[in-house]
Structures are given as C-alpha cells and as structure tokens.
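Engineer: Got a structure for you, questions after.
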Amino acid sequence: MMKKPEQFALGRFPVYLQSGDGAEVTDVDGNRYIDYICGLGANALGHNHPAVIKAITDNLASGIIHSLPTPVEITAARALTEIIPGAEQVRFFKTGADANSAAVRLARFITGKEKIVTVGYNGWHDHYMFDTPGVPEIIQRYTSRMPLFTPQDEQPLLDLIADENEQLAAVLLSVPYNRPLQTNFVHKLRNLCKDKGVLFIFDEVVTGFRLALGGAQEFFDVQADMVTLSKGLAAGMPLSAVVGRRELMEQMEKLQVSTTFGGEMLSLEVCRAAINEYRNSNYIEHIAKLGRQLKDGVNAIAAELGTPLTVVGYDAIPMFLFSRNPQEHVKFAEPFVAEMAARGVLLRRDVNFISSAHTITHIEHTIAAVKGALVAMQRAGLFATEKHEVASGAEA
C-alpha cells in the first residue's frame with residue numbers, strides 16, 4: 001500500500017528502484033537520488049552498510065533456518081535485553097503487525113479482558129484496520145482507535161481508559177509524528193494504565209532505535225509493560241519482536257503463537273550487528289543532528305518564500321506538512337514530492353527518515369532542492385490562494 005506509485009506523484013516519480021548504496025538509490029533508468037524513504041524506515045543504517053553485509057556473508061554458509069532453535073536466537077535476544085528498558089525476555093516475529101498482534105493476544109490472556117485501545121498505526125491486522133473491506137463488522141466492537149494529533153486529543157484518550165478500564169486489556173501507543181508528545185502526558189498515560197489494570201504496550205516499530213538507543217521508552221523516561229519492535233531492529237532485514245518483563249512474557253508459552261520464520265538466522269545475525277552499530281557509534285546523535293539541520297533549513301526557506309510548508313515532529317523522523325487538513329495537504333504534497341524527485345531527492349508525502357548514511361552534504365543538497373521545488377510551485381500558481389485555506393485547515 002505505502003509503496004504504490006499513487007502514494008507519491010504518479011508519472012513524475014520513479015516507480016521501480018534498481019539498487020541502493022549508503023543514503024542514495026538508483027532507479028531502473030539509472031537516475032540517482034538521495035533517499036529519505038529508507039525502506040519505510042527500515043534502512044536505519046542506509047543501504048548496503050558494511051556491518052549488515054558482513055553479518056550476512058559470514059553466516060550464510062551456516063544456513064538460513066533450521067529445524068530446532070539456534071544459538072543466535074539467544075545472543076540476539078540478549079543484545080536486545082541489554083538496551084531496551086525493562087526488557088527481560090524476547091519473542092521474535094517477522095513484521096511489526098505480527099508483533100503487535102502477539103502482544104494483544106498475550107495482553108488479553110493475562111488480563112482476561114477483550115477490548116483494546118489503539119493509537120496511531122499498529123499494522124494491517126483485523127484488530128487495527130477493522131473498518132476496511134474483508135474484516136467482519138463485529139471486530140470493531142473490540143477496538144477503540146484514538147487520535148493524538150493535537151493536545152486536545154489527549155484528555156479524551158485518558159477519559160476512555162478511565163471509563164472503560166474494566167473491559168480493556170491493553171493500550172497500544174504508536175506516537176504521532178506531526179508533534180512530539182510531552183513527557184508528562186506519556187507518564188500520565190502510563191500511570192493511568194497501571195492504576196486501572198490495563199497493560200501499556202509501546203509500539204516502537206518506527207521509533208525503536210531512532211529517538212534514543214533504548215527507543216521512545218528511554219526518550220520519555222517511561223517503562224511499558226511490553227514493547228514491539230521492527231524496522232530498525234535488523235536494519236532492513238525482516239524481523240520484529242515483542243519484549244517485556246519476564247512475568248508477562250513467559251505466559252506466551254501457554255498461547256498458540258507460532259511462526260515458522262521467527263528463528264531465521266540471517267536476520268537475527270544482522271540484528272546483533274545493527275545493535276552493535278547503534279551502541280558503539282554516534283548513530284543516535286548523528287541522525288538527530290542532521291534531522292534538526294534539515295528541519296531548520298527547510299522551515300527557514302519555506303518562511304522566506306511565504307509558503308505553508310513546515311517540517312514538524314521528531315528530529316530523526318521529519319514530517320513535511322503543508323496543512324493539517326488532509327485534502328489540503330495532499331494538494332501541495334503531491335506536486336512537491338514530484339519537484340523534489342526532479343531535483344534528485346526522494347521523499348514521502350509526510351513522514352520521512354534520516355539514516356546513519358546521510359551526511360551534511362545530503363542535507364544541504366536537500367534544502368537547496370526544497371527551495372527550487374517551492375519556487376517552481378509558486379511560479380505554477382499553486383500557492384496563489386493557499387494562505388487562507390491552510391490557516392483554516394490548521395485551526396480546524
């Protein structure tokens with residue numbers, strides 16, 4: 001869904017990529033681009049990072065998946081428990097949606113309650129996308145999906161938990177990317193869940209290994225009951241995990257939760273190598289610093305030109321926003337990503353990612369490309385009446 005041409009700028013944006021190296025990719029026509037899509041955030045170390053290549057080539061001869069557990073399952077799990085706050089046991093899966101669904105099943109079993117609250121995107125499985133074709137209508141009775149896009153959304157979420165806690169097994173929080181949450185709110189949410197007997201699951205499929213070495217838990221100085229991880233977990237290799245306290249995680253053996261490929265060895269070897277890179281380099285500081293430079297540079301250019309573009313959110317996860325009104329935003333975002341592609345930069349219409357392979361040269365080129373793209377849009381008359389419309393959208 002998120003990679004189809006219609007998500008970018010159909011006819012003015014590459015459809016197929018051929019290869020990638022560092023922070024750059026090449027399409028099938030030989031055009032080279034700076035990549036901020038980063039495999040939807042999975043390529044935290046960029047493309048073809050030496051540590052990733054070495055982990056694969058050094059271990060390929062040992063096999064890909066075996067008929068019984070292998071030592072790397074233990075060593076990869078140990079690497080995670082050493083850096084994720086509160087993690088005592090680990091269960092590996094393949095996708096973020098897998099991990100979230102396993103955590104939900106475990107939460108329901110432990111609490112004896114059936115309903116959940118989801119915040120943000122937690123995957124494509126029925127619990128979360130209950131209003132899409134192919135999902136039985138009855139599923140929506142078991143999930144309350146709550147937004148956190150504005151400060152005004154915070155109290156309704158807290159009120160829902162307070163009112164319905166006797167039926168709630170868990171709250172899954174995937175932080176919004178249009179604004180950083182305040183630490184005191186995250187603490188308030190976590191404490192309310194604890195007081196009401198509702199398990200707090202931090203969905204760190206995206207934020208894991210980006211906001212801090214220990215993820216959003218470390219960033220907000222809070223400890224969840226369980227954390228779900230993917231994307232940067234294995235720097236682009238397919239792997240996800242549920243981590244948490246032993247007293248909770250050990251209950252999973254009582255459930256029917258199984259996956260053939262959870263112990264696939266190459267992804268686990270890459271997981272160990274990636275964590276080693278995160279721990280023993282300035283990775284976290286690097287991506288945050290470059291993200292701030294990108295945000296400050298783009299926002300200055302956009303303000304200078306009088307355009308509605310702003311880069312918002314967390315430094316390492318920059319969100320390019322034209323309006324808080326979705327239709328209004330897309331009207332500008334589609335031609336914008338087209339103009340950026342023409343200048344050698346690949347962006348999504350909203351959330352983008354900084355990798356360890358990006359450099360200040362990439363950031364400077366991108367800021368210059370933004371100026372060229374916005375000027376081209378101005379000349380095309382795209383911002384002729386946007387000031388009133390965007391302001392109205394933001395107020396709404």
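Residues are referred to by chain and number: the chain letter is A, B, ... according to the order shown in the structure tokens, the number counts from 1 in that chain, and ligands are numbered separately from 1 in the order shown.
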With the cut-off set at 8 Å and counting only C-alpha atoms, tabulate each residue of stretch 99-193 of chain A with an atom at most that distance from an atom of stretch 229-243 of chain A, showing the nearest atom pair and its distance in Å to one decimal, ordered by chain and increasing number, as a tab-separated table.

Structural biologist:
```
residue	atom	partner	partner_atom	distance
A:Ala99	CA	A:Val242	CA	5.7
A:Asn100	CA	A:Val242	CA	7.6
A:Ala102	CA	A:Val242	CA	7.7
A:Ala103	CA	A:Val242	CA	6.7
```

Engineer: Restricting the output to N, CA and C atoms, write the selected residues as a compact mmCIF listing (two decimals), in the first residue's frame.

Structural biologist:
```txt
# COMPACT_ATOMS: atom_id res chain seq x y z
N ALA A 99 4.10 -8.71 15.54
CA ALA A 99 4.50 -8.47 16.93
C ALA A 99 3.37 -7.82 17.72
N ASN A 100 2.70 -6.84 17.12
CA ASN A 100 1.60 -6.18 17.82
C ASN A 100 0.45 -7.14 18.09
N ALA A 102 0.64 -10.40 18.46
CA ALA A 102 1.06 -11.32 19.52
C ALA A 102 0.95 -10.64 20.88
N ALA A 103 1.35 -9.37 20.96
CA ALA A 103 1.27 -8.64 22.21
C ALA A 103 -0.19 -8.47 22.65
```

Engineer: Where does DSSP see alpha helix (DSSP H) in stretch 147-220 of chain A, if you list the residues as a PyMOL selection string?

Structural biologist: chain A and resi 154-164+183-196+215-220

Engineer: Limited to N, CA and C atoms, could you put the picked residues into a file as a compact mmCIF listing (two decimals), in the first residue's frame?

Structural biologist:
```txt
# COMPACT_ATOMS: atom_id res chain seq x y z
N GLU A 154 -5.69 14.49 23.88
CA GLU A 154 -5.10 13.74 25.00
C GLU A 154 -6.13 13.38 26.07
N GLN A 155 -6.94 14.34 26.48
CA GLN A 155 -7.89 14.06 27.57
C GLN A 155 -8.94 13.03 27.17
N PRO A 156 -9.49 13.07 25.95
CA PRO A 156 -10.45 12.01 25.58
C PRO A 156 -9.85 10.60 25.67
N LEU A 157 -8.57 10.45 25.34
CA LEU A 157 -7.93 9.15 25.47
C LEU A 157 -7.87 8.73 26.94
N LEU A 158 -7.45 9.63 27.80
CA LEU A 158 -7.39 9.33 29.23
C LEU A 158 -8.77 9.02 29.79
N ASP A 159 -9.78 9.78 29.35
CA ASP A 159 -11.15 9.57 29.83
C ASP A 159 -11.67 8.19 29.41
N LEU A 160 -11.36 7.78 28.19
CA LEU A 160 -11.80 6.48 27.69
C LEU A 160 -11.22 5.36 28.54
N ILE A 161 -9.94 5.44 28.85
CA ILE A 161 -9.30 4.41 29.67
C ILE A 161 -9.92 4.38 31.07
N ALA A 162 -10.15 5.56 31.64
CA ALA A 162 -10.74 5.63 32.98
C ALA A 162 -12.15 5.05 32.99
N ASP A 163 -12.91 5.30 31.93
CA ASP A 163 -14.31 4.87 31.88
C ASP A 163 -14.48 3.40 31.54
N GLU A 164 -13.59 2.85 30.70
CA GLU A 164 -13.79 1.50 30.18
C GLU A 164 -12.72 0.51 30.63
N THR A 183 6.50 14.70 27.76
CA THR A 183 6.85 13.60 28.65
C THR A 183 5.82 13.42 29.76
N ASN A 184 5.31 14.53 30.29
CA ASN A 184 4.35 14.40 31.40
C ASN A 184 3.07 13.71 30.96
N PHE A 185 2.67 13.90 29.69
CA PHE A 185 1.47 13.21 29.21
C PHE A 185 1.72 11.71 29.09
N VAL A 186 2.88 11.33 28.54
CA VAL A 186 3.20 9.91 28.40
C VAL A 186 3.23 9.25 29.78
N HIS A 187 3.78 9.94 30.77
CA HIS A 187 3.80 9.40 32.14
C HIS A 187 2.38 9.28 32.69
N LYS A 188 1.57 10.28 32.41
CA LYS A 188 0.19 10.25 32.89
C LYS A 188 -0.56 9.07 32.27
N LEU A 189 -0.35 8.84 30.99
CA LEU A 189 -1.00 7.72 30.30
C LEU A 189 -0.53 6.40 30.87
N ARG A 190 0.78 6.27 31.04
CA ARG A 190 1.31 5.02 31.56
C ARG A 190 0.80 4.75 32.98
N ASN A 191 0.80 5.77 33.83
CA ASN A 191 0.37 5.59 35.22
C ASN A 191 -1.11 5.25 35.31
N LEU A 192 -1.91 5.86 34.43
CA LEU A 192 -3.34 5.55 34.42
C LEU A 192 -3.57 4.08 34.06
N CYS A 193 -2.85 3.60 33.04
CA CYS A 193 -2.98 2.20 32.66
C CYS A 193 -2.61 1.29 33.83
N LYS A 194 -1.54 1.62 34.52
CA LYS A 194 -1.10 0.80 35.65
C LYS A 194 -2.14 0.80 36.76
N ASP A 195 -2.68 1.96 37.07
CA ASP A 195 -3.67 2.08 38.13
C ASP A 195 -4.95 1.33 37.80
N LYS A 196 -5.30 1.26 36.51
CA LYS A 196 -6.57 0.66 36.09
C LYS A 196 -6.43 -0.79 35.64
N GLY A 215 15.09 3.56 22.62
CA GLY A 215 13.80 3.85 21.98
C GLY A 215 13.02 4.94 22.69
N ALA A 216 11.73 4.98 22.38
CA ALA A 216 10.87 6.01 22.96
C ALA A 216 10.74 5.86 24.47
N GLN A 217 10.87 4.64 24.98
CA GLN A 217 10.86 4.46 26.44
C GLN A 217 11.96 5.29 27.09
N GLU A 218 13.16 5.19 26.56
CA GLU A 218 14.27 5.97 27.10
C GLU A 218 14.06 7.45 26.85
N PHE A 219 13.57 7.80 25.67
CA PHE A 219 13.35 9.19 25.30
C PHE A 219 12.38 9.86 26.27
N PHE A 220 11.31 9.15 26.63
CA PHE A 220 10.29 9.70 27.53
C PHE A 220 10.50 9.30 28.99
```

Engineer: Got a sec: who's within 10 Å of A:Ala55, counting only C-alpha atoms, leaving out chain neighbours fewer than 4 positions off, as a list in words?

Structural biologist: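 Final neighbour list, sorted by chain and number: Pro50, Ala51, Asn59, Leu60, Leu266, Ser267, Leu268, Glu269, Val270, Cys271, Arg272, Ala273 and Ala274 of chain A.
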
Engineer: Pick out the closest residue to A:Arg78 from this set: A:Val90, A:Thr143, A:Asn48, A:Met265. Count only C-alpha atoms.

Structural biologist: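 Residue with the minimum atom-to-atom distance to A:Arg78: A:Val90.
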
Engineer: Measuring atom to atom with only C-alpha atoms, identify which of A:Gly313, A:Pro326, A:Pro335, A:Gly86 is nearest to A:Gln182.

Structural biologist: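 Once distances to A:Gln182 are computed over only C-alpha atoms, the minimum belongs to A:Gly313.
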
Engineer: Would you mind writing down, as an MDAnalysis selection string, each residue of stretch 60-156 of chain A that DSSP on the backbone assigns to strand (DSSP E)?

Structural biologist: chainID A and resid 89:93 115:119 143:146

Engineer: Any chance you can output those residues with C-alpha atoms as a CSV table (one decimal), in the first residue's frame?

Structural biologist:
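This is the output file part13.csv:
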```csv
chain,number,residue,atom,x,y,z
A,89,GLN,CA,12.5,-11.8,27.6
A,90,VAL,CA,12.1,-11.6,23.8
A,91,ARG,CA,9.9,-13.3,21.3
A,92,PHE,CA,10.8,-12.9,17.6
A,93,PHE,CA,8.5,-12.5,14.6
A,115,LYS,CA,-11.1,-4.8,24.3
A,116,ILE,CA,-8.1,-2.7,23.3
A,117,VAL,CA,-7.3,0.9,22.5
A,118,THR,CA,-5.0,1.7,19.6
A,119,VAL,CA,-3.2,5.0,19.0
A,143,THR,CA,-11.1,-1.9,19.4
A,144,SER,CA,-11.3,1.8,20.1
A,145,ARG,CA,-9.0,3.8,17.8
A,146,MET,CA,-8.0,7.1,19.3
```

Engineer: Counting only C-alpha atoms, which of A:Cys38, A:Leu172, A:Val72, A:Ala79 gets nearest to A:Tyr121?

Structural biologist: A:Leu172

Engineer: Using only C-alpha atoms, find each residue of stretch 122-236 of chain A with at least one atom at most 7 Å away from an atom of stretch 284-289 of chain A; report its shortest atom-to-atom pair and that distance in Å (one decimal), sort the rows by chain and rising residue number, and return the result as a Markdown table.

Structural biologist:
```
| residue | atom | partner | partner_atom | distance |
| --- | --- | --- | --- | --- |
| A:Arg210 | CA | A:Ile284 | CA | 6.4 |
| A:Ala212 | CA | A:Ile284 | CA | 6.1 |
| A:Leu213 | CA | A:Ile284 | CA | 6.7 |
```

Engineer: Excluding A:Lys113 and residues on its chain fewer than 6 positions from it, collect all residues at most 7 Å away from it, counting only C-alpha atoms, and give them as a JSON list (two decimals) with C-alpha atoms, in the first residue's frame.

Structural biologist:
```json
[["chain", "number", "residue", "atom", "x", "y", "z"],
["A", 167, "GLN", "CA", -13.13, -4.15, 29.69],
["A", 168, "LEU", "CA", -9.71, -3.02, 28.42],
["A", 169, "ALA", "CA", -6.84, -5.46, 28.08]]
```

Engineer: For A:Gly291, which residue among A:Val330, A:Arg324, A:Gly214, A:Glu364 is the nearest when counting only C-alpha atoms?

Structural biologist: A:Glu364

Engineer: Could you check the closest approach to A:Trp124 for each of A:Pro85, A:Gly381, A:Pro69, A:Gly96 and tell me which residue wins, using only C-alpha atoms?

Structural biologist: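 Distance minimum relative to A:Trp124 lands on A:Gly96.
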
Engineer: Determine, counting only C-alpha atoms, which protein, DNA and RNA residues have an atom within 12 Å of an atom of A:His365; residues of the same chain fewer than 5 positions away are not included. Present the result as number ranges by chain.

Structural biologist: A: 33-35, 293-294, 297-298, 340, 343-345, 358-360, 370-372

Engineer: Dump C-alpha atoms for the selected residues as a tab-separated table (two decimals), in the first residue's frame?

Structural biologist:
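This is the output file part-v5.tsv:
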```tsv
chain	number	residue	atom	x	y	z
A	33	TYR	CA	18.51	10.07	-5.70
A	34	ILE	CA	19.07	10.93	-2.05
A	35	ASP	CA	16.72	8.56	-0.21
A	293	GLN	CA	19.56	20.83	10.37
A	294	LEU	CA	17.07	19.66	7.76
A	297	GLY	CA	16.90	24.82	6.90
A	298	VAL	CA	13.62	23.85	5.24
A	340	MET	CA	11.89	17.09	-5.29
A	343	ARG	CA	15.97	17.51	-8.19
A	344	GLY	CA	17.32	14.14	-7.07
A	345	VAL	CA	15.57	13.71	-3.70
A	358	HIS	CA	23.09	10.63	5.43
A	359	THR	CA	25.65	13.41	5.57
A	360	ILE	CA	25.59	17.19	5.89
A	370	VAL	CA	13.33	22.35	-1.39
A	371	LYS	CA	13.90	25.98	-2.33
A	372	GLY	CA	13.88	25.11	-6.02
```

Engineer: When distances are computed from only C-alpha atoms, which of A:Asn276, A:Gly22, A:Asp203, A:Ala384 shows the smallest separation from A:Ser174?

Structural biologist: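 Nearest candidate to A:Ser174 out of A:Asn276, A:Gly22, A:Asp203, A:Ala384: A:Asp203.
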
Engineer: So what do you get for atom CA of A:Val311 versus atom CA of A:Thr228, distance-wise?

Structural biologist: 26.9 Å

Engineer: Can you tell me how far atom CA of A:Leu374 sits from atom CA of A:Asn299, in Å to one decimal?

Structural biologist: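 Interatomic distance here is 11.7 Å.
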